[in-house]
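This is work00.cif. It holds mmCIF, C-alpha atoms.
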data_entry
loop_
_atom_site.label_atom_id
_atom_site.label_comp_id
_atom_site.auth_asym_id
_atom_site.auth_seq_id
_atom_site.Cartn_x
_atom_site.Cartn_y
_atom_site.Cartn_z
CA MET N 17 0.00 0.00 0.00
CA ALA N 18 1.40 3.34 -1.05
CA VAL N 19 1.82 5.92 1.67
CA THR N 20 1.68 9.61 0.80
CA ARG N 21 3.35 12.05 3.10
CA ARG N 22 1.93 15.51 3.30
CA LYS N 23 4.30 18.38 3.73
CA ALA N 24 3.81 20.42 6.86
CA ALA N 25 1.78 23.53 6.17
CA LYS N 26 3.64 26.79 6.29
CA PRO N 27 2.59 29.37 8.87
CA ARG N 28 -0.21 31.53 7.51
CA GLY N 29 1.93 34.65 7.36
CA GLN N 30 4.52 32.93 5.13
CA ARG N 31 2.24 31.36 2.53
CA GLY N 32 2.80 32.56 -1.02
CA LYS N 33 5.38 35.14 0.05
CA LYS N 34 8.47 33.71 -1.61
CA ALA N 35 7.69 34.90 -5.13
CA ARG N 36 6.76 38.34 -3.92
CA PHE N 37 9.61 39.01 -1.53
CA LEU N 38 12.53 37.23 -3.16
CA HIS N 39 13.89 38.47 -6.44
CA LYS N 40 14.07 34.82 -7.55
CA PRO N 41 13.21 31.51 -5.86
CA ASN N 42 15.80 30.00 -3.52
CA CYS N 43 18.06 33.02 -3.82
CA THR N 44 20.83 32.74 -1.24
CA THR N 45 21.67 36.41 -1.53
CA CYS N 46 18.07 37.41 -0.77
CA ARG N 47 18.05 35.20 2.32
CA LYS N 48 21.30 36.79 3.45
CA ALA N 49 19.78 40.23 2.98
CA ARG N 50 16.65 39.25 4.91
CA LYS N 51 18.67 37.84 7.83
CA PHE N 52 20.94 40.85 7.81
CA MET N 53 18.00 43.24 8.06
CA GLU N 54 16.23 41.20 10.72
CA ARG N 55 19.43 41.08 12.74
CA ARG N 56 19.87 44.84 12.43
CA GLY N 57 16.21 45.56 13.07
CA PHE N 58 15.76 47.31 9.73
CA GLN N 59 12.31 47.46 8.19
CA LEU N 60 12.95 48.06 4.52
CA TYR N 61 10.75 46.90 1.68
CA PHE N 62 11.92 43.68 0.06
CA ARG N 63 8.88 43.85 -2.17
CA ASP N 64 10.48 46.88 -3.85
CA LEU N 65 13.77 45.05 -4.28
CA ALA N 66 11.96 42.06 -5.74
CA LYS N 67 9.95 44.09 -8.24
CA ASP N 68 13.04 45.99 -9.32
CA LYS N 69 14.64 42.62 -10.14
CA LEU N 70 17.96 43.63 -8.65
CA SER N 71 20.84 41.37 -9.55
CA SER N 72 22.71 39.35 -6.98
CA THR N 73 25.63 41.75 -7.38
CA GLU N 74 23.42 44.71 -6.53
CA LEU N 75 21.96 42.91 -3.53
CA GLU N 76 25.44 42.00 -2.36
CA LYS N 77 26.29 45.70 -2.63
CA LEU N 78 23.37 46.50 -0.37
CA ILE N 79 24.05 43.96 2.34
CA GLY N 80 27.81 44.41 2.16
CA ASN N 81 27.55 47.60 4.25
CA ARG N 82 27.47 47.12 7.98
CA ASP N 83 26.58 50.71 8.78
CA TYR N 84 22.87 51.56 8.63
CA THR N 85 23.41 54.98 7.01
CA GLU N 86 25.73 53.55 4.40
CA PHE N 87 23.27 50.75 3.77
CA LEU N 88 20.43 53.19 3.10
CA ASN N 89 22.62 55.49 1.02
CA SER N 90 23.76 52.61 -1.16
CA ARG N 91 20.17 51.51 -1.67
CA ASN N 92 19.17 55.08 -2.46
CA GLU N 93 21.95 55.24 -5.04
CA LEU N 94 20.30 52.38 -6.91
CA TYR N 95 17.10 54.44 -7.03
CA ARG N 96 18.96 57.62 -7.89
CA ARG N 97 17.98 57.48 -11.55
CA LYS N 98 14.51 56.11 -10.96
CA LYS N 99 11.77 58.48 -12.18
CA MET N 100 8.14 58.07 -11.62
CA LYS N 101 4.99 59.41 -13.09
CA ILE N 102 1.74 59.14 -11.24
CA LYS N 103 -1.70 60.11 -12.43
CA PRO N 104 -4.03 60.64 -9.49
CA PRO N 105 -7.69 60.41 -10.40
CA THR N 106 -8.79 64.03 -10.15
CA ARG N 107 -10.71 63.56 -13.39
CA ARG N 108 -13.44 66.13 -13.75
CA GLU N 109 -16.30 63.70 -14.13
CA ALA N 110 -15.15 61.85 -11.00
CA ILE N 111 -14.96 65.10 -9.03
CA SER N 112 -18.39 66.11 -10.28
CA MET N 113 -19.89 62.79 -9.17
CA MET N 114 -18.22 62.80 -5.77
CA ALA N 115 -19.11 66.44 -5.09
CA LYS N 116 -22.68 66.47 -6.41
CA GLU N 117 -24.17 63.00 -6.75
CA PRO N 118 -22.11 60.09 -5.37
CA ASN N 119 -24.81 57.71 -6.61
CA LEU N 120 -23.58 58.34 -10.16
CA ILE N 121 -20.43 56.32 -9.57
CA ARG N 122 -20.08 53.46 -12.09
CA ARG N 123 -22.71 55.03 -14.35
CA PRO N 124 -21.93 56.65 -17.73
CA VAL N 125 -21.28 60.33 -17.01
CA VAL N 126 -20.37 63.06 -19.47
CA VAL N 127 -19.17 66.56 -18.57
CA ALA N 128 -20.12 69.08 -21.26
CA GLY N 129 -21.53 72.55 -21.74
CA ARG N 130 -25.15 73.31 -22.48
CA GLY N 131 -24.91 75.29 -25.71
CA PRO N 132 -25.81 73.88 -29.13
CA ARG N 133 -22.11 73.79 -30.00
CA ALA N 134 -20.88 72.54 -26.65
CA VAL N 135 -18.15 69.91 -26.63
CA VAL N 136 -17.38 67.11 -24.20
CA THR N 137 -14.87 68.17 -21.54
CA THR N 138 -14.38 64.62 -20.32
CA ALA N 139 -16.32 61.41 -19.77
CA SER N 140 -16.28 58.49 -17.37
CA TYR N 141 -14.91 55.15 -18.51
CA GLU N 142 -18.45 53.76 -18.54
CA ALA N 143 -19.40 56.40 -21.13
CA ARG N 144 -16.21 55.91 -23.13
CA ARG N 145 -17.24 52.33 -23.84
CA TYR N 146 -19.94 53.79 -26.09
CA GLY N 147 -17.42 55.84 -28.07
CA VAL N 148 -17.78 59.10 -26.14
CA GLY N 149 -14.53 61.05 -25.89
CA SER N 150 -13.10 64.43 -24.99
CA ALA N 151 -13.52 67.30 -27.49
CA MET N 152 -16.45 65.46 -29.14
CA PRO N 153 -19.58 67.55 -29.87
CA ALA N 154 -21.99 67.09 -26.98
CA ALA N 155 -24.85 66.41 -29.42
CA ARG N 156 -22.98 63.44 -30.86
CA ALA N 157 -22.20 62.16 -27.36
CA ARG N 158 -25.93 62.19 -26.57
CA ARG N 159 -26.63 60.13 -29.68
CA LEU N 160 -23.90 57.61 -28.85
CA CYS N 161 -24.90 57.22 -25.20
CA PRO N 162 -28.44 58.51 -24.61
CA GLN N 163 -28.58 56.95 -21.14
CA ALA N 164 -25.55 58.95 -19.94
CA VAL N 165 -25.87 61.57 -17.22
CA PHE N 166 -24.70 64.95 -18.50
CA LEU N 167 -23.13 67.38 -16.03
CA THR N 168 -22.02 70.95 -16.65
CA PRO N 169 -18.40 71.81 -15.83
CA ASP N 170 -17.78 73.01 -12.27
CA PHE N 171 -14.28 74.48 -12.33
CA PRO N 172 -14.33 75.94 -8.79
CA THR N 173 -14.93 72.44 -7.43
CA TYR N 174 -12.25 70.96 -9.72
CA ARG N 175 -9.69 73.48 -8.49
CA GLU N 176 -10.63 72.90 -4.85
CA VAL N 177 -10.29 69.11 -5.09
CA SER N 178 -7.15 69.38 -7.22
CA GLY N 179 -5.61 71.62 -4.58
CA ARG N 180 -6.34 69.07 -1.86
CA VAL N 181 -4.73 66.29 -3.90
CA MET N 182 -1.65 68.39 -4.68
CA ASP N 183 -1.26 69.28 -1.00
CA LEU N 184 -1.17 65.57 -0.17
CA VAL N 185 1.36 64.98 -2.93
CA ARG N 186 3.63 67.78 -1.70
CA ALA N 187 3.47 66.37 1.82
CA HIS N 188 5.21 63.22 0.51
CA VAL N 189 7.50 64.61 -2.20
CA GLU N 190 9.48 67.83 -2.12
CA ARG N 191 9.66 68.59 -5.84
CA VAL N 192 6.30 68.49 -7.64
CA GLU N 193 5.63 69.85 -11.12
CA VAL N 194 1.91 70.45 -11.56
CA VAL N 195 0.90 70.52 -15.23
CA GLY N 196 -2.87 70.72 -14.90
CA LEU N 197 -5.81 70.17 -12.63
CA ASP N 198 -5.32 66.41 -12.77
CA GLU N 199 -1.69 65.83 -13.66
CA ALA N 200 1.70 66.34 -12.02
CA TYR N 201 5.27 65.05 -12.14
CA LEU N 202 7.20 64.14 -9.01
CA ASP N 203 10.90 63.89 -8.23
CA LEU N 204 11.39 60.80 -6.07
CA GLU N 205 15.07 61.18 -5.37
CA GLY N 206 15.86 60.58 -1.72
CA LEU N 207 12.99 58.17 -1.09
CA TYR N 208 14.34 54.86 0.19
CA SER N 209 11.22 52.95 -0.92
CA PRO N 210 9.63 54.84 -3.82
CA ARG N 211 7.01 52.20 -4.57
CA ALA N 212 5.89 51.88 -0.99
CA ALA N 213 5.85 55.67 -0.57
CA MET N 214 3.66 56.05 -3.65
CA ARG N 215 1.26 53.35 -2.48
CA ARG N 216 0.92 55.15 0.84
CA LEU N 217 0.25 58.38 -1.06
CA LEU N 218 -2.43 56.71 -3.18
CA ALA N 219 -4.09 55.34 -0.04
CA GLU N 220 -4.15 58.81 1.53
CA ILE N 221 -5.65 60.36 -1.62
CA LYS N 222 -8.29 57.64 -1.71
CA ALA N 223 -9.16 58.18 1.96
CA ALA N 224 -9.32 61.97 1.63
CA THR N 225 -11.14 62.33 -1.71
CA GLN N 226 -12.51 58.88 -2.64
CA LEU N 227 -10.58 59.23 -5.90
CA THR N 228 -8.23 56.67 -7.40
CA CYS N 229 -4.96 57.32 -9.21
CA SER N 230 -2.96 55.93 -12.09
CA VAL N 231 0.79 55.83 -11.52
CA GLY N 232 3.69 55.47 -13.91
CA ILE N 233 7.30 55.08 -12.78
CA GLY N 234 10.22 55.27 -15.15
CA PRO N 235 13.76 56.61 -15.66
CA ASN N 236 12.47 59.85 -17.20
CA LYS N 237 9.29 61.91 -17.57
CA LEU N 238 8.43 60.46 -20.97
CA VAL N 239 8.49 56.84 -19.80
CA ALA N 240 6.61 57.80 -16.64
CA LYS N 241 3.87 59.60 -18.55
CA VAL N 242 3.25 56.82 -21.04
CA ALA N 243 3.36 54.24 -18.25
CA SER N 244 0.78 56.16 -16.22
CA ASP N 245 -1.65 55.99 -19.15
CA ALA N 246 -1.01 52.32 -19.93
CA GLU N 247 -3.37 50.69 -17.42
CA LYS N 248 -5.90 53.34 -16.45
CA PRO N 249 -7.88 53.52 -14.30
CA ALA N 250 -6.00 52.92 -11.06
CA GLY N 251 -2.92 51.49 -12.79
CA PHE N 252 0.51 51.16 -11.21
CA VAL N 253 3.11 50.56 -13.93
CA VAL N 254 6.89 50.54 -13.47
CA LEU N 255 9.05 50.43 -16.59
CA SER N 256 12.67 50.95 -17.52
CA ARG N 257 13.44 52.65 -20.82
CA GLU N 258 14.23 49.31 -22.43
CA GLN N 259 11.01 47.78 -21.10
CA ALA N 260 9.02 50.72 -22.45
CA CYS N 261 10.60 50.28 -25.88
CA ALA N 262 9.66 46.59 -25.88
CA ARG N 263 6.13 47.04 -24.52
CA PHE N 264 5.12 49.85 -26.87
CA ALA N 265 7.16 48.81 -29.91
CA SER N 266 4.03 48.06 -31.97
CA SER N 267 2.13 51.14 -30.78
CA PRO N 268 1.51 54.04 -33.19
CA PRO N 269 3.73 57.14 -32.89
CA GLY N 270 0.72 59.16 -31.74
CA LEU N 271 0.97 57.38 -28.38
CA LEU N 272 3.75 59.78 -27.41
CA PRO N 273 3.04 63.33 -26.27
CA GLY N 274 4.21 65.85 -28.84
CA ILE N 275 3.39 63.65 -31.85
CA GLY N 276 0.04 64.81 -33.18
CA PRO N 277 -2.09 63.53 -36.06
CA LYS N 278 -0.28 65.60 -38.71
CA THR N 279 3.17 64.47 -37.64
CA ALA N 280 1.93 60.86 -37.42
CA ALA N 281 0.55 61.15 -40.97
CA ARG N 282 3.87 62.45 -42.27
CA LEU N 283 5.65 59.55 -40.56
CA ALA N 284 3.20 57.13 -42.16
CA GLU N 285 4.13 58.54 -45.57
CA LEU N 286 7.66 57.32 -44.84
CA GLY N 287 6.31 53.90 -43.87
CA LEU N 288 6.95 54.54 -40.17
CA THR N 289 3.75 53.46 -38.48
CA THR N 290 5.08 52.10 -35.18
CA LEU N 291 7.37 53.42 -32.46
CA ALA N 292 9.84 50.65 -33.18
CA ALA N 293 10.03 51.73 -36.82
CA VAL N 294 10.52 55.39 -35.92
CA GLY N 295 13.14 54.58 -33.29
CA SER N 296 15.17 52.42 -35.68
CA ALA N 297 14.81 54.74 -38.69
CA PRO N 298 18.04 56.37 -39.92
CA GLU N 299 18.44 59.81 -38.39
CA ARG N 300 19.18 61.22 -41.84
CA THR N 301 15.75 60.12 -43.08
CA LEU N 302 13.96 61.88 -40.23
CA VAL N 303 16.09 65.02 -40.52
CA GLU N 304 15.45 65.33 -44.25
CA ARG N 305 11.69 65.09 -43.70
CA PHE N 306 11.24 67.04 -40.46
CA GLY N 307 14.36 69.20 -40.09
CA SER N 308 17.37 68.75 -37.87
CA SER N 309 15.74 69.62 -34.56
CA LEU N 310 12.38 67.81 -34.85
CA GLY N 311 13.84 64.91 -36.81
CA ARG N 312 16.36 64.04 -34.11
CA GLU N 313 13.80 64.57 -31.36
CA LEU N 314 11.32 62.18 -32.99
CA GLY N 315 13.93 59.43 -33.03
CA ARG N 316 14.86 60.05 -29.41
CA ARG N 317 11.24 60.07 -28.26
CA ALA N 318 10.48 56.83 -30.10
CA ARG N 319 13.37 55.28 -28.14
CA PHE N 320 11.95 56.84 -24.94
CA GLU N 321 14.99 59.04 -24.46
CA HIS N 322 14.13 62.25 -22.63
CA ASP N 323 16.06 64.80 -20.58
CA GLY N 324 13.17 66.87 -19.23
CA GLU N 325 13.63 68.07 -15.68
CA VAL N 326 10.97 68.08 -12.99
CA SER N 327 10.58 71.71 -11.97
CA SER N 328 8.52 73.05 -9.09
CA VAL N 329 7.98 76.28 -11.03
CA ARG N 330 5.87 75.88 -14.12
CA LYS N 331 6.75 78.36 -16.85
CA VAL N 332 3.69 79.83 -18.56
CA VAL N 333 4.61 81.07 -22.02
CA SER N 334 1.18 82.29 -23.21
CA GLU N 335 -2.39 82.87 -22.10
CA SER N 336 -5.52 83.24 -24.20
CA ARG N 337 -9.27 83.67 -24.21
CA GLU N 338 -11.56 82.38 -26.95
CA ARG N 339 -15.24 81.72 -27.51
CA THR N 340 -17.26 79.49 -29.82
CA PHE N 341 -20.52 81.28 -30.66
CA ASP N 342 -23.83 79.44 -30.42
CA SER N 343 -24.56 80.70 -33.93
CA ASP N 344 -22.18 82.11 -36.53
CA VAL N 345 -21.55 85.86 -36.25
CA GLY N 346 -21.19 88.04 -39.31
CA ASP N 347 -21.72 91.46 -37.70
CA PRO N 348 -18.32 93.26 -37.49
CA ALA N 349 -19.55 95.43 -34.61
CA ARG N 350 -20.39 92.39 -32.49
CA LEU N 351 -17.08 90.75 -33.34
CA ARG N 352 -15.22 93.86 -32.15
CA GLU N 353 -17.32 93.94 -28.98
CA GLU N 354 -16.63 90.28 -28.19
CA LEU N 355 -12.92 90.64 -28.92
CA GLN N 356 -12.66 93.69 -26.65
CA ARG N 357 -14.45 91.83 -23.84
CA MET N 358 -12.11 88.82 -24.11
CA ALA N 359 -9.08 91.12 -24.19
CA ALA N 360 -10.29 92.73 -20.96
CA GLU N 361 -10.63 89.32 -19.27
CA LEU N 362 -7.19 88.29 -20.51
CA CYS N 363 -5.46 91.47 -19.34
CA ALA N 364 -7.13 91.25 -15.92
CA SER N 365 -5.80 87.70 -15.53
CA LEU N 366 -2.31 88.68 -16.66
CA ALA N 367 -2.25 91.57 -14.20
CA ALA N 368 -3.48 89.35 -11.36
CA HIS N 369 -0.64 86.88 -12.03
CA ARG N 370 1.89 89.68 -12.64
CA ARG N 371 2.71 88.57 -16.17
CA SER N 372 3.37 90.57 -19.33
CA GLY N 373 4.04 89.62 -22.93
CA ARG N 374 5.13 91.14 -26.23
CA THR N 375 3.28 89.04 -28.82
CA ILE N 376 -0.45 89.74 -29.26
CA ALA N 377 -2.45 87.45 -31.54
CA ILE N 378 -6.01 86.72 -32.62
CA LYS N 379 -7.62 83.47 -33.75
CA VAL N 380 -10.57 83.36 -36.13
CA ARG N 381 -12.46 80.24 -37.21
CA LEU N 382 -15.02 80.69 -39.98
CA ASP N 383 -18.28 78.83 -40.50
CA ASP N 384 -16.54 76.44 -42.91
CA PHE N 385 -13.96 75.64 -40.17
CA THR N 386 -11.20 77.59 -41.91
CA THR N 387 -8.95 78.79 -39.08
CA ILE N 388 -6.49 81.66 -39.29
CA THR N 389 -4.23 83.42 -36.81
CA ARG N 390 -2.70 86.87 -36.96
CA ALA N 391 -0.03 88.17 -34.58
CA HIS N 392 1.94 91.32 -33.87
CA THR N 393 4.92 91.83 -31.54
CA VAL N 394 5.13 95.11 -29.64
CA SER N 395 8.35 96.71 -28.43
CA GLU N 396 7.70 96.30 -24.69
CA PRO N 397 6.08 93.48 -22.67
CA THR N 398 2.63 94.57 -21.56
CA HIS N 399 -0.67 93.54 -20.01
CA ASP N 400 -2.25 96.94 -20.60
CA LEU N 401 -5.80 96.59 -21.98
CA GLU N 402 -5.42 99.67 -24.16
CA VAL N 403 -2.39 98.18 -25.91
CA VAL N 404 -3.65 94.59 -26.15
CA GLY N 405 -7.18 95.63 -27.18
CA ALA N 406 -5.98 98.10 -29.81
CA VAL N 407 -3.59 95.60 -31.42
CA ALA N 408 -6.20 92.80 -31.41
CA LEU N 409 -8.87 95.03 -32.97
CA ARG N 410 -6.44 96.23 -35.64
CA LEU N 411 -5.50 92.63 -36.52
CA LEU N 412 -9.20 91.72 -36.83
CA GLU N 413 -9.89 94.77 -38.99
CA GLU N 414 -6.94 93.98 -41.27
CA TYR N 415 -8.12 90.41 -41.76
CA SER N 416 -11.76 91.45 -42.19
CA PRO N 417 -13.39 87.98 -42.40
CA GLU N 418 -15.62 87.64 -45.44
CA ARG N 419 -17.60 84.74 -44.00
CA PRO N 420 -19.50 84.39 -40.71
CA VAL N 421 -17.28 83.63 -37.71
CA ARG N 422 -17.72 80.51 -35.63
CA LEU N 423 -14.92 81.09 -33.08
CA LEU N 424 -12.95 84.15 -32.01
CA GLY N 425 -10.02 84.42 -29.61
CA VAL N 426 -7.16 86.62 -28.40
CA ARG N 427 -3.77 85.58 -27.00
CA VAL N 428 -0.69 87.16 -25.39
CA ALA N 429 2.55 85.19 -25.73
CA GLY N 430 6.18 85.51 -24.73
CA LEU N 431 5.13 85.96 -21.11
CA ALA N 432 7.53 86.93 -18.35
CA PRO N 433 7.02 88.03 -14.74
CA THR N 434 6.12 91.69 -14.60
CA ASP N 435 8.84 92.30 -12.00
CA ALA N 436 11.43 90.98 -14.44
CA VAL N 437 10.33 93.32 -17.24
CA ALA N 438 12.69 96.27 -17.49
CA GLY N 439 12.08 97.39 -21.05
CA ASP N 440 14.02 94.64 -22.79
CA ALA N 441 12.61 91.45 -24.18
CA PRO N 442 12.91 88.65 -21.65
CA ALA N 443 15.73 86.27 -22.33
CA THR N 444 14.57 82.88 -23.45
CA SER N 445 16.53 79.71 -23.09
CA SER N 446 16.89 77.14 -25.78
CA PRO N 447 14.16 74.50 -25.58
CA VAL N 448 16.84 71.87 -25.91
CA SER N 449 19.09 73.24 -23.19
CA SER N 450 16.19 73.91 -20.86
CA ALA N 451 15.10 70.31 -21.25
CA ARG N 452 18.51 69.07 -20.10
CA GLY N 453 18.47 68.40 -16.41
CA SER N 454 19.24 66.08 -13.64
CA ALA N 455 18.33 62.49 -14.21
CA ARG N 456 17.26 62.17 -10.60
CA GLN N 457 13.58 62.89 -10.88
CA LEU N 458 10.17 61.35 -10.59
CA ALA N 459 7.31 62.20 -12.85
CA LEU N 460 3.76 62.25 -11.54
CA PRO N 461 0.78 63.14 -13.70
CA VAL N 462 -2.27 63.80 -11.60
#
Have the structure of the file written as structure tokens, please.
Amino acid sequence: MAVTRRKAAKPRGQRGKKARFLHKPNCTTCRKARKFMERRGFQLYFRDLAKDKLSSTELEKLIGNRDYTEFLNSRNELYRRKKMKIKPPTRREAISMMAKEPNLIRRPVVVAGRGPRAVVTTASYEARRYGVGSAMPAARARRLCPQAVFLTPDFPTYREVSGRVMDLVRAHVERVEVVGLDEAYLDLEGLYSPRAAMRRLLAEIKAATQLTCSVGIGPNKLVAKVASDAEKPAGFVVLSREQACARFASSPPGLLPGIGPKTAARLAELGLTTLAAVGSAPERTLVERFGSSLGRELGRRARFEHDGEVSSVRKVVSESRERTFDSDVGDPARLREELQRMAAELCASLAAHRRSGRTIAIKVRLDDFTTITRAHTVSEPTHDLEVVGAVALRLLEEYSPERPVRLLGVRVAGLAPTDAVAGDAPATSSPVSSARGSARQLALPV
């Protein structure tokens, strides 16, 4: 008679832990590290070490130090180049539901204006399954998803909730670059356990706002941003540059920020329809088609190479006001009145933020969707309504649209702090040189 011996059951707290806490099964180095830390009383996060797939040599480097400070510093050095991008869930439709009607959670919700030409600001994932998307005409969204709940935008609430989320983020990370109401980049240098710190941050955001976040961690802002969008909602994706190249090799170039539909179409004309194809294309081919600057940058982006620096101070280069009319406007007097009103709003905002600019421009979209812009650069930076309004009205009069106008706007560019304006044009740094920075940053899109 055959006798089967059953192995003794492991204690409950140890079941299924090996794969999660050891960087590979039966790793002697990992066991040494665990015993070393238990002996020293350290409470570090082996889960982080496991997910980072550190080599035995790197682990030996960690446990080779017998001084606690040196141990932590050596571990921090391994994370020195780790960048992370996190996308907390301060999406506008989520904020609207939580603030106004919590019972709308998990129902199709669309945030859009009320006018006949209103467009969708954003939509919940339940509504997106029906084809509803941002910038879509609200009328079309109603046809695609008639059962959706439509909410009007509530920007004061969005700003209030966004501020609460950003305050929580800044409490965990010193350097935070906010790039919108629901997006930010973080610099994680100095955190001994970046993954664990971010999971604690996500838990605090969830407890304080009932919102979830999508997080992307990578060696630079570009990898972090793409990673944060890869598994929304509530994703947590960690990728090296090489892993990002492999994972998104078959993705279209439009996946990357900065590559719009027109650039993607021009790449397709060259037979470059995937990121792998663009990244491996000869630099000469890209330079001949797009110029030396953009051509080289496209190749670098496709290989997920990026030198952007996380900056706590966001540089605003322009500000504008524009309006889409409910019905096309052909009366020149009304166009001048609307343009003057928008110029007043724009100048009031510039003055409140102590900004001035030299380039004044208008934007006109006709009833056939033909869009034109006209600009003029004045000698001195300004936010004076008399100057901005006069230049904008003159540009509109010189263009003199012959067809009814669908959209009208005014913009001031080349902005600089008013305190820094001393009569000379503000110095501008090269976009390439300004993008060069320390590689020790985390990116967080909120």
Just checking: using all atoms listed in the file, which residue out of N:Leu366, N:Ser395, N:Arg216, N:Phe341 ends up closest to N:Arg422?
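Using all atoms listed in the file, the shortest distance to N:Arg422 belongs to N:Phe341.
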Can you pull out the residues contacting N:Thr434? Cut-off 9 Å, using all atoms listed in the file, and skip same-chain residues under 4 positions away; I want them as an MDAnalysis selection string.
chainID N and resid 367 369:373 397:399 438
Residues within 12 Å of N:Ile275, please, as an mmCIF file with C-alpha atoms, in the frame of the given file. Count only C-alpha atoms; anything in the same chain fewer than 3 positions from it doesn't count.
data_model
loop_
_atom_site.group_PDB
_atom_site.id
_atom_site.type_symbol
_atom_site.label_atom_id
_atom_site.label_comp_id
_atom_site.auth_asym_id
_atom_site.auth_seq_id
_atom_site.Cartn_x
_atom_site.Cartn_y
_atom_site.Cartn_z
ATOM 1 C CA PRO N 268 1.510 54.040 -33.190
ATOM 2 C CA PRO N 269 3.730 57.140 -32.890
ATOM 3 C CA GLY N 270 0.720 59.160 -31.740
ATOM 4 C CA LEU N 271 0.970 57.380 -28.380
ATOM 5 C CA LEU N 272 3.750 59.780 -27.410
ATOM 6 C CA LYS N 278 -0.280 65.600 -38.710
ATOM 7 C CA THR N 279 3.170 64.470 -37.640
ATOM 8 C CA ALA N 280 1.930 60.860 -37.420
ATOM 9 C CA ALA N 281 0.550 61.150 -40.970
ATOM 10 C CA ARG N 282 3.870 62.450 -42.270
ATOM 11 C CA LEU N 283 5.650 59.550 -40.560
ATOM 12 C CA LEU N 291 7.370 53.420 -32.460
ATOM 13 C CA VAL N 294 10.520 55.390 -35.920
ATOM 14 C CA LEU N 310 12.380 67.810 -34.850
ATOM 15 C CA GLY N 311 13.840 64.910 -36.810
ATOM 16 C CA GLU N 313 13.800 64.570 -31.360
ATOM 17 C CA LEU N 314 11.320 62.180 -32.990
ATOM 18 C CA GLY N 315 13.930 59.430 -33.030
ATOM 19 C CA ARG N 317 11.240 60.070 -28.260
ATOM 20 C CA ALA N 318 10.480 56.830 -30.100
#
**OP:** Go through the shown structure with the PyMOL selection byres ((chain N and resi 246) around 12) and write out the matching residues as a ChimeraX atom specification.
**Re:** /N:101-103,230-233,239-245,247-255,260,263-264,267,271-272
The residue from N:Gln226, N:Ser365, N:Thr290, N:Thr173 with the smallest atom-to-atom distance to N:Ala262, counting all atoms listed in the file, is N:Thr290
Which residue out of N:Arg300, N:Lys379, N:Arg319, N:Arg352 has the minimum interatomic distance to N:Gln259 when all atoms listed in the file are used?
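Looking at the shortest contact to N:Gln259, the residue is N:Arg319.
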Show me the residues around (-5.8, 72.7, -7.3) - criterion: an atom at most 12 Å away, all atoms listed in the file counted - as a CSV table (one decimal) with C-alpha atoms, in the frame of the given file.
chain,number,residue,atom,x,y,z
N,106,THR,CA,-8.8,64.0,-10.2
N,108,ARG,CA,-13.4,66.1,-13.8
N,171,PHE,CA,-14.3,74.5,-12.3
N,172,PRO,CA,-14.3,75.9,-8.8
N,173,THR,CA,-14.9,72.4,-7.4
N,174,TYR,CA,-12.2,71.0,-9.7
N,175,ARG,CA,-9.7,73.5,-8.5
N,176,GLU,CA,-10.6,72.9,-4.8
N,177,VAL,CA,-10.3,69.1,-5.1
N,178,SER,CA,-7.2,69.4,-7.2
N,179,GLY,CA,-5.6,71.6,-4.6
N,180,ARG,CA,-6.3,69.1,-1.9
N,181,VAL,CA,-4.7,66.3,-3.9
N,182,MET,CA,-1.6,68.4,-4.7
N,183,ASP,CA,-1.3,69.3,-1.0
N,184,LEU,CA,-1.2,65.6,-0.2
N,185,VAL,CA,1.4,65.0,-2.9
N,194,VAL,CA,1.9,70.4,-11.6
N,195,VAL,CA,0.9,70.5,-15.2
N,196,GLY,CA,-2.9,70.7,-14.9
N,197,LEU,CA,-5.8,70.2,-12.6
N,198,ASP,CA,-5.3,66.4,-12.8
N,199,GLU,CA,-1.7,65.8,-13.7
N,200,ALA,CA,1.7,66.3,-12.0
N,462,VAL,CA,-2.3,63.8,-11.6
### Message
With the PyMOL selection byres ((chain N and resi 394) around 8) as the selection, what would be picked from this file? Answer as an NGL selection string, please.
### Response
:N and (374-376 or 392-393 or 395-397)
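Neighbouring residues of stretch 134-144 of chain N at 6 Å or closer, counting only C-alpha atoms and skipping chain neighbours under 6 positions away, are Pro124, Val125, Val126, Val127, Ala128, Ser150, Ala151, Met152, Pro153 and Ala154 of chain N.
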**Study point:** Test item: residues at most 6 Å from N:Ala377, all atoms listed in the file, excluding those fewer than 5 positions along its chain, as a PyMOL selection string
**Key:** chain N and resi 390-391+426-427
### Message
Quick check on the file I pasted: which residues fall under the PyMOL selection byres ((chain N and resi 193) around 6)? Write them as a ChimeraX atom specification.
### Response
/N:192,194,200-201,326-328
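Picture a line from atom CA of N:Asp342 to atom CA of N:Gly131; it runs 6.4 Å.
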Nearest to N:Gly324 by atom-to-atom distance, counting only C-alpha atoms, from N:Leu355, N:Leu302, N:Ala364, N:Leu238: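 Comparing N:Leu355, N:Leu302, N:Ala364, N:Leu238 against N:Gly324, the winner is N:Leu238.
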Atom CA of N:Leu218 sits from atom CA of N:Arg191 at a separation of 17.2 Å
As a check of understanding: the span from atom CA of N:Pro210 to atom CA of N:Asp323 is 20.5 Å
